[in-house]
Structures are given as C-alpha cells and as structure tokens.
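Student: File name target.pdb; file contents PDB, C-alpha atoms; full text below.
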```
ATOM      1  CA  MET N   7     -42.567  -7.173  90.354  1.00  0.00           C
ATOM      2  CA  ASN N   8     -42.512  -9.507  93.344  1.00  0.00           C
ATOM      3  CA  VAL N   9     -45.336 -10.845  95.481  1.00  0.00           C
ATOM      4  CA  ASP N  10     -46.138  -8.476  98.393  1.00  0.00           C
ATOM      5  CA  ASP N  11     -44.700  -5.424  96.619  1.00  0.00           C
ATOM      6  CA  ILE N  12     -46.634  -2.282  97.568  1.00  0.00           C
ATOM      7  CA  ILE N  13     -47.461  -0.197  94.522  1.00  0.00           C
ATOM      8  CA  SER N  14     -49.557   2.706  93.280  1.00  0.00           C
ATOM      9  CA  TYR N  15     -52.330   2.378  90.727  1.00  0.00           C
ATOM     10  CA  HIS N  16     -50.020   3.977  88.153  1.00  0.00           C
ATOM     11  CA  GLN N  17     -47.377   1.322  88.838  1.00  0.00           C
ATOM     12  CA  LEU N  18     -50.028  -1.382  88.466  1.00  0.00           C
ATOM     13  CA  ILE N  19     -50.934  -0.066  85.031  1.00  0.00           C
ATOM     14  CA  SER N  20     -47.274   0.237  84.069  1.00  0.00           C
ATOM     15  CA  ALA N  21     -46.628  -3.355  85.135  1.00  0.00           C
ATOM     16  CA  GLU N  22     -49.475  -4.673  82.970  1.00  0.00           C
ATOM     17  CA  ARG N  23     -48.730  -2.235  80.109  1.00  0.00           C
ATOM     18  CA  VAL N  24     -52.406  -1.571  79.564  1.00  0.00           C
ATOM     19  CA  MET N  25     -55.019   0.730  81.067  1.00  0.00           C
ATOM     20  CA  ILE N  26     -57.024  -1.189  83.669  1.00  0.00           C
ATOM     21  CA  GLN N  27     -60.293   0.518  84.531  1.00  0.00           C
ATOM     22  CA  LYS N  28     -62.296  -2.388  85.938  1.00  0.00           C
ATOM     23  CA  GLY N  29     -61.817  -5.136  88.467  1.00  0.00           C
ATOM     24  CA  MET N  30     -62.212  -8.100  86.124  1.00  0.00           C
ATOM     25  CA  ASN N  31     -59.930  -8.325  83.092  1.00  0.00           C
ATOM     26  CA  PHE N  32     -60.060 -11.634  81.237  1.00  0.00           C
ATOM     27  CA  GLY N  33     -57.125 -12.448  78.962  1.00  0.00           C
ATOM     28  CA  ILE N  34     -55.533  -9.040  79.432  1.00  0.00           C
ATOM     29  CA  GLY N  35     -52.065 -10.592  79.536  1.00  0.00           C
ATOM     30  CA  LYS N  36     -50.713 -12.929  76.898  1.00  0.00           C
ATOM     31  CA  GLU N  37     -50.869 -15.898  79.266  1.00  0.00           C
ATOM     32  CA  TYR N  38     -53.081 -14.727  82.113  1.00  0.00           C
ATOM     33  CA  SER N  39     -56.021 -12.634  83.284  1.00  0.00           C
ATOM     34  CA  VAL N  40     -56.088  -9.953  85.984  1.00  0.00           C
ATOM     35  CA  LEU N  41     -58.404  -9.451  88.961  1.00  0.00           C
ATOM     36  CA  LEU N  42     -58.450  -6.472  91.312  1.00  0.00           C
ATOM     37  CA  MET N  43     -59.818  -7.280  94.755  1.00  0.00           C
ATOM     38  CA  SER N  44     -60.568  -5.522  98.015  1.00  0.00           C
ATOM     39  CA  GLN N  45     -61.466  -6.742 101.482  1.00  0.00           C
ATOM     40  CA  ARG N  46     -61.565  -3.252 102.957  1.00  0.00           C
ATOM     41  CA  THR N  47     -64.592  -1.969 104.842  1.00  0.00           C
ATOM     42  CA  ASN N  48     -67.361  -0.847 102.468  1.00  0.00           C
ATOM     43  CA  ALA N  49     -65.795  -2.608  99.475  1.00  0.00           C
ATOM     44  CA  PRO N  50     -68.414  -2.963  96.691  1.00  0.00           C
ATOM     45  CA  TYR N  51     -67.991  -6.739  96.460  1.00  0.00           C
ATOM     46  CA  GLU N  52     -67.502  -9.545  98.940  1.00  0.00           C
ATOM     47  CA  ASP N  53     -64.116 -11.094  98.213  1.00  0.00           C
ATOM     48  CA  VAL N  54     -63.154 -13.738 100.771  1.00  0.00           C
ATOM     49  CA  VAL N  55     -60.057 -15.872 101.356  1.00  0.00           C
ATOM     50  CA  ASP N  56     -60.704 -19.161 103.135  1.00  0.00           C
ATOM     51  CA  LYS N  57     -58.283 -19.293 106.079  1.00  0.00           C
ATOM     52  CA  THR N  58     -58.168 -23.101 106.045  1.00  0.00           C
ATOM     53  CA  THR N  59     -57.473 -23.711 102.355  1.00  0.00           C
ATOM     54  CA  GLY N  60     -56.269 -20.337 101.077  1.00  0.00           C
ATOM     55  CA  ILE N  61     -58.863 -20.447  98.288  1.00  0.00           C
ATOM     56  CA  LEU N  62     -59.872 -16.982  97.077  1.00  0.00           C
ATOM     57  CA  MET N  63     -63.625 -16.630  96.594  1.00  0.00           C
ATOM     58  CA  TYR N  64     -64.001 -13.674  94.264  1.00  0.00           C
ATOM     59  CA  GLU N  65     -67.423 -12.134  93.700  1.00  0.00           C
ATOM     60  CA  GLY N  66     -68.516 -11.276  90.158  1.00  0.00           C
ATOM     61  CA  HIS N  67     -69.360  -7.725  89.197  1.00  0.00           C
ATOM     62  CA  ASP N  68     -72.713  -5.973  88.861  1.00  0.00           C
ATOM     63  CA  GLN N  69     -74.008  -4.455  85.673  1.00  0.00           C
ATOM     64  CA  PRO N  70     -73.423  -0.710  85.224  1.00  0.00           C
ATOM     65  CA  ARG N  71     -75.825   1.759  86.787  1.00  0.00           C
ATOM     66  CA  THR N  72     -78.179   3.142  84.115  1.00  0.00           C
ATOM     67  CA  LYS N  73     -81.615   4.733  83.866  1.00  0.00           C
ATOM     68  CA  ASP N  74     -83.076   1.275  83.299  1.00  0.00           C
ATOM     69  CA  CYS N  75     -81.025  -0.125  86.185  1.00  0.00           C
ATOM     70  CA  PRO N  76     -80.795   2.520  88.937  1.00  0.00           C
ATOM     71  CA  ASN N  77     -79.781  -0.053  91.582  1.00  0.00           C
ATOM     72  CA  PRO N  78     -77.496  -2.830  90.256  1.00  0.00           C
ATOM     73  CA  LYS N  79     -77.526  -4.502  93.688  1.00  0.00           C
ATOM     74  CA  GLU N  80     -81.157  -5.488  93.130  1.00  0.00           C
ATOM     75  CA  VAL N  81     -80.702  -7.411  89.860  1.00  0.00           C
ATOM     76  CA  ASP N  82     -78.780 -10.506  88.778  1.00  0.00           C
ATOM     77  CA  GLN N  83     -75.169 -10.009  87.814  1.00  0.00           C
ATOM     78  CA  PRO N  84     -74.928 -10.188  84.007  1.00  0.00           C
ATOM     79  CA  LEU N  85     -73.555 -13.165  82.089  1.00  0.00           C
ATOM     80  CA  THR N  86     -73.877 -11.408  78.718  1.00  0.00           C
ATOM     81  CA  THR N  87     -74.232  -7.847  77.470  1.00  0.00           C
ATOM     82  CA  PRO N  88     -77.480  -6.530  75.903  1.00  0.00           C
ATOM     83  CA  LYS N  89     -75.879  -7.255  72.505  1.00  0.00           C
ATOM     84  CA  GLY N  90     -75.263 -10.894  73.457  1.00  0.00           C
ATOM     85  CA  SER N  91     -71.487 -10.861  73.928  1.00  0.00           C
ATOM     86  CA  TRP N  92     -69.844 -12.215  77.068  1.00  0.00           C
ATOM     87  CA  THR N  93     -69.386  -9.879  80.029  1.00  0.00           C
ATOM     88  CA  GLU N  94     -66.223 -10.256  82.110  1.00  0.00           C
ATOM     89  CA  ASN N  95     -68.352 -12.415  84.429  1.00  0.00           C
ATOM     90  CA  GLY N  96     -69.244 -14.592  81.457  1.00  0.00           C
ATOM     91  CA  LYS N  97     -65.662 -14.925  80.218  1.00  0.00           C
ATOM     92  CA  PHE N  98     -64.338 -16.036  83.616  1.00  0.00           C
ATOM     93  CA  PHE N  99     -67.365 -18.291  84.184  1.00  0.00           C
ATOM     94  CA  ARG N 100     -66.921 -20.014  80.820  1.00  0.00           C
ATOM     95  CA  ALA N 101     -63.204 -20.581  81.507  1.00  0.00           C
ATOM     96  CA  ALA N 102     -64.008 -22.112  84.904  1.00  0.00           C
ATOM     97  CA  MET N 103     -66.695 -24.386  83.453  1.00  0.00           C
ATOM     98  CA  ASP N 104     -64.434 -25.487  80.579  1.00  0.00           C
ATOM     99  CA  PHE N 105     -61.725 -26.468  83.057  1.00  0.00           C
ATOM    100  CA  ARG N 106     -64.134 -28.239  85.397  1.00  0.00           C
ATOM    101  CA  THR N 107     -65.652 -30.278  82.551  1.00  0.00           C
ATOM    102  CA  GLY N 108     -62.305 -31.068  80.938  1.00  0.00           C
ATOM    103  CA  LEU N 109     -62.752 -28.935  77.809  1.00  0.00           C
ATOM    104  CA  ARG N 110     -59.532 -27.135  78.682  1.00  0.00           C
ATOM    105  CA  GLU N 111     -56.511 -28.930  80.093  1.00  0.00           C
ATOM    106  CA  ARG N 112     -55.111 -26.119  82.248  1.00  0.00           C
ATOM    107  CA  ALA N 113     -56.926 -23.741  84.553  1.00  0.00           C
ATOM    108  CA  GLU N 114     -56.953 -20.061  83.650  1.00  0.00           C
ATOM    109  CA  LEU N 115     -53.969 -18.331  85.234  1.00  0.00           C
ATOM    110  CA  VAL N 116     -54.889 -15.126  87.041  1.00  0.00           C
ATOM    111  CA  LYS N 117     -52.767 -12.331  88.523  1.00  0.00           C
ATOM    112  CA  VAL N 118     -54.389 -10.729  91.560  1.00  0.00           C
ATOM    113  CA  TYR N 119     -53.826  -7.246  92.969  1.00  0.00           C
ATOM    114  CA  GLU N 120     -55.436  -6.201  96.259  1.00  0.00           C
ATOM    115  CA  LYS N 121     -56.313  -2.747  97.499  1.00  0.00           C
ATOM    116  CA  ILE N 122     -54.705  -1.847 100.838  1.00  0.00           C
ATOM    117  CA  ALA N 123     -55.705   1.825 101.191  1.00  0.00           C
ATOM    118  CA  VAL N 124     -56.817   4.708  98.988  1.00  0.00           C
ATOM    119  CA  GLY N 125     -54.357   4.752  96.083  1.00  0.00           C
ATOM    120  CA  VAL N 126     -52.329   1.896  97.585  1.00  0.00           C
ATOM    121  CA  TRP N 127     -52.224  -1.583  96.062  1.00  0.00           C
ATOM    122  CA  CYS N 128     -50.293  -4.796  96.690  1.00  0.00           C
ATOM    123  CA  TYR N 129     -49.381  -7.534  94.234  1.00  0.00           C
ATOM    124  CA  LYS N 130     -50.900 -10.732  95.661  1.00  0.00           C
ATOM    125  CA  GLY N 131     -49.468 -13.192  93.128  1.00  0.00           C
ATOM    126  CA  PHE N 132     -50.753 -15.820  90.706  1.00  0.00           C
ATOM    127  CA  PHE N 133     -53.860 -17.944  91.159  1.00  0.00           C
ATOM    128  CA  GLU N 134     -55.556 -20.687  89.140  1.00  0.00           C
ATOM    129  CA  LEU N 135     -59.281 -20.403  88.375  1.00  0.00           C
ATOM    130  CA  LEU N 136     -60.658 -23.780  89.450  1.00  0.00           C
ATOM    131  CA  ASP N 137     -64.443 -23.347  89.593  1.00  0.00           C
ATOM    132  CA  ALA N 138     -67.349 -20.900  89.564  1.00  0.00           C
ATOM    133  CA  HIS N 139     -70.942 -20.758  90.765  1.00  0.00           C
ATOM    134  CA  PHE N 140     -73.862 -18.590  89.655  1.00  0.00           C
ATOM    135  CA  SER N 141     -76.432 -18.789  92.416  1.00  0.00           C
ATOM    136  CA  LEU N 142     -78.874 -16.866  94.570  1.00  0.00           C
ATOM    137  CA  LEU N 143     -77.508 -14.503  97.206  1.00  0.00           C
ATOM    138  CA  ASP N 144     -79.776 -14.135 100.249  1.00  0.00           C
ATOM    139  CA  GLY N 145     -82.593 -15.477  98.088  1.00  0.00           C
ATOM    140  CA  LYS N 146     -82.816 -12.181  96.195  1.00  0.00           C
ATOM    141  CA  ARG N 147     -80.549 -12.135  93.170  1.00  0.00           C
ATOM    142  CA  LYS N 148     -78.004 -14.324  91.413  1.00  0.00           C
ATOM    143  CA  VAL N 149     -74.319 -13.509  91.732  1.00  0.00           C
ATOM    144  CA  PHE N 150     -71.119 -15.114  90.492  1.00  0.00           C
ATOM    145  CA  LYS N 151     -68.572 -16.640  92.826  1.00  0.00           C
ATOM    146  CA  PHE N 152     -65.189 -17.586  91.392  1.00  0.00           C
ATOM    147  CA  PHE N 153     -62.847 -19.973  93.226  1.00  0.00           C
ATOM    148  CA  LEU N 154     -59.106 -19.494  92.773  1.00  0.00           C
ATOM    149  CA  LYS N 155     -56.143 -21.418  94.223  1.00  0.00           C
ATOM    150  CA  PRO N 156     -52.824 -19.666  94.989  1.00  0.00           C
ATOM    151  CA  VAL N 157     -49.909 -20.961  92.924  1.00  0.00           C
ATOM    152  CA  GLU N 158     -46.329 -20.008  92.166  1.00  0.00           C
ATOM    153  CA  LYS N 159     -45.148 -19.371  88.627  1.00  0.00           C
ATOM    154  CA  LYS N 160     -41.621 -20.644  88.087  1.00  0.00           C
ATOM    155  CA  SER N 161     -39.266 -20.205  85.150  1.00  0.00           C
ATOM    156  CA  PHE N 162     -40.354 -21.524  81.736  1.00  0.00           C
ATOM    157  CA  GLY N 163     -43.993 -21.115  82.753  1.00  0.00           C
ATOM    158  CA  ARG N 164     -43.926 -23.966  85.259  1.00  0.00           C
ATOM    159  CA  ILE N 165     -46.726 -23.768  87.860  1.00  0.00           C
ATOM    160  CA  THR N 166     -46.273 -25.249  91.342  1.00  0.00           C
ATOM    161  CA  GLU N 167     -48.402 -25.504  94.457  1.00  0.00           C
ATOM    162  CA  LEU N 168     -48.074 -22.668  96.977  1.00  0.00           C
ATOM    163  CA  PRO N 169     -48.777 -23.319 100.686  1.00  0.00           C
ATOM    164  CA  HIS N 170     -51.547 -20.923 101.670  1.00  0.00           C
ATOM    165  CA  THR N 171     -49.834 -20.321 105.022  1.00  0.00           C
ATOM    166  CA  ARG N 172     -47.061 -18.586 103.090  1.00  0.00           C
ATOM    167  CA  ILE N 173     -49.453 -15.860 101.901  1.00  0.00           C
ATOM    168  CA  ILE N 174     -49.851 -12.770 104.084  1.00  0.00           C
ATOM    169  CA  PRO N 175     -53.604 -12.241 104.665  1.00  0.00           C
ATOM    170  CA  THR N 176     -55.110  -8.963 103.504  1.00  0.00           C
ATOM    171  CA  GLU N 177     -56.229  -8.008 107.015  1.00  0.00           C
ATOM    172  CA  VAL N 178     -52.626  -8.391 108.223  1.00  0.00           C
ATOM    173  CA  LYS N 179     -51.384  -6.185 105.385  1.00  0.00           C
ATOM    174  CA  VAL N 180     -53.963  -3.493 106.140  1.00  0.00           C
ATOM    175  CA  HIS N 181     -53.066  -3.574 109.851  1.00  0.00           C
ATOM    176  CA  VAL N 182     -49.316  -3.405 109.157  1.00  0.00           C
ATOM    177  CA  TRP N 183     -49.797  -0.560 106.670  1.00  0.00           C
ATOM    178  CA  LYS N 184     -51.551   1.501 109.343  1.00  0.00           C
ATOM    179  CA  ARG N 185     -49.169   0.466 112.125  1.00  0.00           C
ATOM    180  CA  ASP N 186     -46.037   1.299 110.116  1.00  0.00           C
ATOM    181  CA  HIS N 187     -47.631   4.490 108.727  1.00  0.00           C
ATOM    182  CA  GLY N 188     -46.955   3.404 105.154  1.00  0.00           C
ATOM    183  CA  LYS N 189     -43.190   3.797 105.576  1.00  0.00           C
ATOM    184  CA  CYS N 190     -40.102   1.622 105.775  1.00  0.00           C
ATOM    185  CA  VAL N 191     -39.593   0.815 109.450  1.00  0.00           C
ATOM    186  CA  GLU N 192     -35.818   1.092 109.057  1.00  0.00           C
ATOM    187  CA  CYS N 193     -35.277   4.361 107.166  1.00  0.00           C
ATOM    188  CA  GLY N 194     -38.710   5.941 106.798  1.00  0.00           C
ATOM    189  CA  SER N 195     -38.722   5.781 102.993  1.00  0.00           C
ATOM    190  CA  GLN N 196     -42.081   5.767 101.215  1.00  0.00           C
ATOM    191  CA  LYS N 197     -40.722   4.406  97.930  1.00  0.00           C
ATOM    192  CA  ASN N 198     -40.187   0.852  96.657  1.00  0.00           C
ATOM    193  CA  LEU N 199     -41.969  -0.668  99.651  1.00  0.00           C
ATOM    194  CA  HIS N 200     -42.545  -4.344 100.333  1.00  0.00           C
ATOM    195  CA  TYR N 201     -44.206  -6.482 103.020  1.00  0.00           C
ATOM    196  CA  ASP N 202     -41.353  -8.319 104.711  1.00  0.00           C
ATOM    197  CA  HIS N 203     -41.191 -11.222 107.147  1.00  0.00           C
ATOM    198  CA  ASP N 204     -39.085 -10.275 110.171  1.00  0.00           C
ATOM    199  CA  ILE N 205     -38.235 -13.966 110.585  1.00  0.00           C
ATOM    200  CA  PRO N 206     -38.209 -15.424 107.032  1.00  0.00           C
ATOM    201  CA  TYR N 207     -40.969 -17.885 106.175  1.00  0.00           C
ATOM    202  CA  SER N 208     -38.269 -20.368 105.139  1.00  0.00           C
ATOM    203  CA  LYS N 209     -36.863 -20.164 108.675  1.00  0.00           C
ATOM    204  CA  GLY N 210     -40.208 -20.799 110.333  1.00  0.00           C
ATOM    205  CA  GLY N 211     -41.508 -17.228 110.447  1.00  0.00           C
ATOM    206  CA  SER N 212     -45.280 -16.788 110.286  1.00  0.00           C
ATOM    207  CA  SER N 213     -47.133 -15.012 107.482  1.00  0.00           C
ATOM    208  CA  LEU N 214     -50.345 -15.009 109.493  1.00  0.00           C
ATOM    209  CA  SER N 215     -49.318 -12.690 112.328  1.00  0.00           C
ATOM    210  CA  ALA N 216     -48.728  -8.939 112.064  1.00  0.00           C
ATOM    211  CA  LYS N 217     -46.015  -9.362 114.705  1.00  0.00           C
ATOM    212  CA  ASN N 218     -43.792 -11.032 112.097  1.00  0.00           C
ATOM    213  CA  VAL N 219     -44.666  -8.726 109.177  1.00  0.00           C
ATOM    214  CA  ARG N 220     -43.305  -5.244 108.586  1.00  0.00           C
ATOM    215  CA  ILE N 221     -42.782  -2.756 105.780  1.00  0.00           C
ATOM    216  CA  LEU N 222     -39.299  -2.420 104.315  1.00  0.00           C
ATOM    217  CA  CYS N 223     -38.022  -0.501 101.307  1.00  0.00           C
ATOM    218  CA  ALA N 224     -35.991  -2.299  98.650  1.00  0.00           C
ATOM    219  CA  LYS N 225     -32.691  -0.890  99.917  1.00  0.00           C
ATOM    220  CA  CYS N 226     -33.255  -1.979 103.523  1.00  0.00           C
ATOM    221  CA  ASN N 227     -34.569  -5.341 102.363  1.00  0.00           C
ATOM    222  CA  ILE N 228     -31.302  -5.924 100.480  1.00  0.00           C
ATOM    223  CA  GLY N 229     -29.400  -4.810 103.569  1.00  0.00           C
ATOM    224  CA  LYS N 230     -31.294  -7.362 105.635  1.00  0.00           C
ATOM    225  CA  SER N 231     -30.358 -10.114 103.164  1.00  0.00           C
ATOM    226  CA  ASP N 232     -26.711  -9.065 103.287  1.00  0.00           C
ATOM    227  CA  LYS N 233     -26.760  -9.299 107.081  1.00  0.00           C
ATOM    228  CA  ILE N 234     -28.283 -12.775 106.964  1.00  0.00           C
ATOM    229  CA  MET N 235     -25.682 -13.937 104.430  1.00  0.00           C
ATOM    230  CA  GLY N 236     -22.946 -12.425 106.584  1.00  0.00           C
ATOM    231  CA  VAL N 237     -24.093 -14.420 109.587  1.00  0.00           C
ATOM    232  CA  LEU N 238     -24.185 -17.746 107.735  1.00  0.00           C
ATOM    233  CA  PRO N 239     -20.393 -18.316 107.555  1.00  0.00           C
ATOM    234  CA  TRP N 240     -20.184 -17.594 111.292  1.00  0.00           C
ATOM    235  CA  LEU N 241     -22.956 -20.107 111.997  1.00  0.00           C
ATOM    236  CA  VAL N 242     -21.234 -22.702 109.814  1.00  0.00           C
ATOM    237  CA  ALA N 243     -17.934 -22.126 111.634  1.00  0.00           C
ATOM    238  CA  ILE N 244     -19.597 -22.426 115.047  1.00  0.00           C
ATOM    239  CA  SER N 245     -21.385 -25.583 113.937  1.00  0.00           C
ATOM    240  CA  GLY N 246     -18.101 -27.083 112.726  1.00  0.00           C
ATOM    241  CA  SER N 247     -16.375 -26.242 115.998  1.00  0.00           C
ATOM    242  CA  ILE N 248     -19.133 -27.862 118.022  1.00  0.00           C
ATOM    243  CA  SER N 249     -18.989 -30.960 115.840  1.00  0.00           C
ATOM    244  CA  GLY N 250     -15.205 -31.123 116.351  1.00  0.00           C
ATOM    245  CA  ILE N 251     -15.598 -30.853 120.104  1.00  0.00           C
ATOM    246  CA  ASN N 252     -18.236 -33.598 120.124  1.00  0.00           C
ATOM    247  CA  ARG N 253     -15.914 -35.949 118.226  1.00  0.00           C
ATOM    248  CA  HIS N 254     -13.258 -35.557 120.925  1.00  0.00           C
ATOM    249  CA  LEU N 255     -15.634 -36.159 123.834  1.00  0.00           C
TER     250      LEU N 255
END
```
Kindly return the structure encoded in the file as structure tokens.
Tutor:
Amino acid sequence: MNVDDIISYHQLISAERVMIQKGMNFGIGKEYSVLLMSQRTNAPYEDVVDKTTGILMYEGHDQPRTKDCPNPKEVDQPLTTPKGSWTENGKFFRAAMDFRTGLRERAELVKVYEKIAVGVWCYKGFFELLDAHFSLLDGKRKVFKFFLKPVEKKSFGRITELPHTRIIPTEVKVHVWKRDHGKCVECGSQKNLHYDHDIPYSKGGSSLSAKNVRILCAKCNIGKSDKIMGVLPWLVAISGSISGINRHL
C-alpha cells in the first residue's frame, strides 16, 4: 500500500491482517501502532494537523458509554481501565512520555489512516509519536492530545524526515473526492484509486491546492508515468541540441 491510496475499511483490515474495531491500536503491528483519524464534520474527536509544521495533534478517546457513564463527553478520558490495566490512551501516553524523558531511544512509529467519506479511507503514511499532554479542555474535563510528526519509512526500516508540504491535507482530499465523484478522472474507474498530483511534487507541483490534486486509478497512474518517461528522452535531445547551438554562437 502506498501513501494516498484510497481504500475501503475491508482493505484497511486486510492490509493490517487484523480486525481493527477502534481508532487507537497500540502495538498492533510488529514494529508500529495504528491510528484512525477523521477531520470530517461531526467527527467524534478533534484531530488537527498544524498547517505550519505538519504536526498531527490527535485527540485521545473517551471511555465507553455505560449506565454509570451515560455521557462520556462529560468525564475525563481514561488512562487506565477499572481493573487497572492501561487503556489505549494510557499505552500511547506512556510511550510518548518514555520517549520525551529518554527512557526509549526511538519514538513510537505509527501508521495513520484517515476517513474521507462513509466507507472510504485513505492511507496517510507513517508518523512518529513525539509527545503527549493530558490537560483540561474548556476547563471542564481532561483529555489526551498526542503529537505526531510525519516521516517516511525507507528500506531496512530507515526513517527519514518528510516535508509536511508534501502531504495532501485532509480537507483537500475530501474536496477532491467530492469534485471527482469518487472516480478516476481519466477512465471513470472506481477501483484501485489514488490521490495524484497533476504536476508531480518533485517537479514543483503543490500538495496544498485541490487544483493540482486529482483521483486516478492504478492503470491510468501507470499510463501517466509512461507518458512522462516517454517525454524525457525528447527533452534531453532538445536540451542537447540547444547546448550545441550555444557552443557555436
């Protein structure tokens, strides 16, 4: 799976090879955790991406609704369960604190999936869990806030910095999904979809504007790459001709 692939919930589960029924999943992979996020209207939690730094601020989760807790939004988010074991909040919080205080050398690696529409998800990529806060929200109750930095996982497990301007914002993805009607703009396919840069990021194309982002299927995306590669020899030949002319002037 590649970053910006558009998938169903079933494909998400298949990719992780485990049933995921909650948003926070610590240590679910052999070398990483998984977070499901949503910035859609009426989302249950306030997940925010800082536009200046690209840091994802992920809100912890409330305790389940029960007879003793009819309104989870009125009580503190739980650090531990009634039996004293760590909740998912607690597991992520402990990992963040251990990294911040130097008890663990490397930050927890986290895969993030974001919800685009009902039944539609997008793979957002890898992040590192750098820090966490457990503080009052609006002076009423305490909630967790987890701070994650986007990174790129290379071969052999190597982690490198990822410019946040390379990441397509969720609001752009939601807008493009609606604009392109959830279909490949080239052939109309609704399978194997991907958010594509019209002008590649490596060539100066923006990830921050919907004008430069569109939906392509895998087949048309490969066709686009073939066209680009076909143009390169022509550009090289033209460049060589111009250089030859300049040498004779």
Student: Would you write out, as a VMD selection string, every residue that the PyMOL selection byres ((chain N and resi 198) around 6) captures in this file?
Tutor: chain N and resid 197 199 223 to 224
Student: I would like the residues chosen by the PyMOL selection byres ((chain N and resi 205) around 12) on the shown file; could you give them as a compact mmCIF listing (two decimals) with C-alpha atoms, in the frame of the given file?
Tutor:
```
# COMPACT_ATOMS: atom_id res chain seq x y z
CA ASP N 202 -41.35 -8.32 104.71
CA HIS N 203 -41.19 -11.22 107.15
CA ASP N 204 -39.08 -10.28 110.17
CA PRO N 206 -38.21 -15.42 107.03
CA TYR N 207 -40.97 -17.89 106.18
CA SER N 208 -38.27 -20.37 105.14
CA LYS N 209 -36.86 -20.16 108.68
CA GLY N 210 -40.21 -20.80 110.33
CA GLY N 211 -41.51 -17.23 110.45
CA SER N 212 -45.28 -16.79 110.29
CA SER N 213 -47.13 -15.01 107.48
CA SER N 215 -49.32 -12.69 112.33
CA ALA N 216 -48.73 -8.94 112.06
CA LYS N 217 -46.02 -9.36 114.70
CA ASN N 218 -43.79 -11.03 112.10
CA VAL N 219 -44.67 -8.73 109.18
CA ARG N 220 -43.30 -5.24 108.59
CA LYS N 230 -31.29 -7.36 105.64
CA SER N 231 -30.36 -10.11 103.16
CA ILE N 234 -28.28 -12.78 106.96
```
Student: Quick one: pull the distance between CA of Lys151 in chain N and CA of Ser14 in chain N, Å, one decimal.
Tutor: 27.1 Å
Student: Which protein, DNA or RNA residues have an atom at most 9 Å from (-67.1, -22.2, 90.9), counting only C-alpha atoms? List them as a ChimeraX atom specification.
Tutor: /N:63,99,102-103,106,135-140,150-154
Student: Just so the selection is clear, what residues does the PyMOL selection byres ((chain N and resi 196) around 12) cover here, as a list of chain:residue names?
Tutor: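 Expected selection for the PyMOL selection byres ((chain N and resi 196) around 12) here is N:Ile12, N:Ile13, N:Ser14, N:Val126, N:Trp183, N:Asp186, N:His187, N:Gly188, N:Lys189, N:Cys190, N:Val191, N:Glu192, N:Cys193, N:Gly194, N:Ser195, N:Lys197, N:Asn198, N:Leu199, N:His200, N:Ile221, N:Leu222, N:Cys223, N:Ala224, N:Lys225, N:Cys226.
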Student: Which residues are close to range 55-58 of chain N, i.e. within 12 Å by only C-alpha atoms, leaving aside same-chain residues fewer than 3 positions away? Reply as a list of chain:residue names.
Tutor: N:Met43, N:Ser44, N:Gln45, N:Glu52, N:Ile61, N:Leu62, N:Met63, N:Tyr64, N:Glu65, N:Glu120, N:Lys130, N:Phe152, N:Phe153, N:Leu154, N:Lys155, N:Pro156, N:Pro169, N:His170, N:Thr171, N:Arg172, N:Ile173, N:Ile174, N:Pro175, N:Thr176, N:Glu177, N:Leu214
Student: Considering only C-alpha atoms, state which residue in the set N:Glu22, N:Asp53, N:Asp11, N:Asp68 is at the smallest distance from Arg147 in chain N.
Tutor: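 Counting only C-alpha atoms, the residue closest to Arg147 in chain N is N:Asp68.
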Student: Using all atoms listed in the file for the distances, tell me which of N:Asn227, N:Ile122, N:Pro84, N:Leu168 is nearest to His181 in chain N.
Tutor: N:Ile122
Student: To one decimal place, how far is CA of Lys184 in chain N from CA of Ala123 in chain N in Å?
Tutor: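 According to the coordinates, CA of Lys184 in chain N and CA of Ala123 in chain N are separated by 9.2 Å.
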Student: Just checking: using all atoms listed in the file, which residue out of N:Phe132, N:Phe32, N:Tyr15, N:Tyr201 ends up closest to Thr93 in chain N?
Tutor: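 Of the candidates, the smallest distance to Thr93 in chain N is held by N:Phe32.
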Student: Calculate how many Å separate CA of Glu114 in chain N from CA of Ala101 in chain N, rounding to one decimal.
Tutor: 6.6 Å
Student: I'd like to know which of N:Val180, N:Val116, N:Val81, N:Ala49 is closest to Lys36 in chain N, using only C-alpha atoms.
Tutor: N:Val116
Student: Some atoms are absent from range 64-76 of chain N, so rebuild N, CA and C atoms and return them as a PDB file, in the frame of the given file.
Tutor:
```
ATOM      1  N   TYR N  64     -63.890 -15.009  94.854  1.00  0.00           N
ATOM      2  CA  TYR N  64     -64.001 -13.674  94.264  1.00  0.00           C
ATOM      3  C   TYR N  64     -65.416 -13.472  93.729  1.00  0.00           C
ATOM      4  N   GLU N  65     -66.058 -12.393  94.143  1.00  0.00           N
ATOM      5  CA  GLU N  65     -67.423 -12.134  93.700  1.00  0.00           C
ATOM      6  C   GLU N  65     -67.437 -11.448  92.340  1.00  0.00           C
ATOM      7  N   GLY N  66     -68.351 -11.898  91.464  1.00  0.00           N
ATOM      8  CA  GLY N  66     -68.516 -11.276  90.158  1.00  0.00           C
ATOM      9  C   GLY N  66     -69.001  -9.842  90.281  1.00  0.00           C
ATOM     10  N   HIS N  67     -69.031  -9.140  89.165  1.00  0.00           N
ATOM     11  CA  HIS N  67     -69.360  -7.725  89.197  1.00  0.00           C
ATOM     12  C   HIS N  67     -70.761  -7.428  88.669  1.00  0.00           C
ATOM     13  N   ASP N  68     -71.362  -6.383  89.233  1.00  0.00           N
ATOM     14  CA  ASP N  68     -72.713  -5.973  88.861  1.00  0.00           C
ATOM     15  C   ASP N  68     -72.716  -5.289  87.499  1.00  0.00           C
ATOM     16  N   GLN N  69     -73.904  -5.203  86.913  1.00  0.00           N
ATOM     17  CA  GLN N  69     -74.008  -4.455  85.673  1.00  0.00           C
ATOM     18  C   GLN N  69     -73.948  -2.957  85.970  1.00  0.00           C
ATOM     19  N   PRO N  70     -73.554  -2.154  84.995  1.00  0.00           N
ATOM     20  CA  PRO N  70     -73.423  -0.710  85.224  1.00  0.00           C
ATOM     21  C   PRO N  70     -74.746  -0.069  85.628  1.00  0.00           C
ATOM     22  N   ARG N  71     -74.638   1.000  86.399  1.00  0.00           N
ATOM     23  CA  ARG N  71     -75.825   1.759  86.787  1.00  0.00           C
ATOM     24  C   ARG N  71     -76.318   2.580  85.587  1.00  0.00           C
ATOM     25  N   THR N  72     -77.577   2.412  85.229  1.00  0.00           N
ATOM     26  CA  THR N  72     -78.179   3.142  84.115  1.00  0.00           C
ATOM     27  C   THR N  72     -79.580   3.607  84.516  1.00  0.00           C
ATOM     28  N   LYS N  73     -80.238   4.305  83.601  1.00  0.00           N
ATOM     29  CA  LYS N  73     -81.615   4.733  83.866  1.00  0.00           C
ATOM     30  C   LYS N  73     -82.535   3.536  84.017  1.00  0.00           C
ATOM     31  N   ASP N  74     -82.259   2.491  83.228  1.00  0.00           N
ATOM     32  CA  ASP N  74     -83.076   1.275  83.299  1.00  0.00           C
ATOM     33  C   ASP N  74     -82.686   0.389  84.483  1.00  0.00           C
ATOM     34  N   CYS N  75     -81.499   0.658  85.035  1.00  0.00           N
ATOM     35  CA  CYS N  75     -81.025  -0.125  86.185  1.00  0.00           C
ATOM     36  C   CYS N  75     -80.438   0.830  87.221  1.00  0.00           C
ATOM     37  N   PRO N  76     -81.289   1.539  87.963  1.00  0.00           N
ATOM     38  CA  PRO N  76     -80.795   2.520  88.937  1.00  0.00           C
ATOM     39  C   PRO N  76     -80.097   1.899  90.140  1.00  0.00           C
TER      40      PRO N  76
END
```
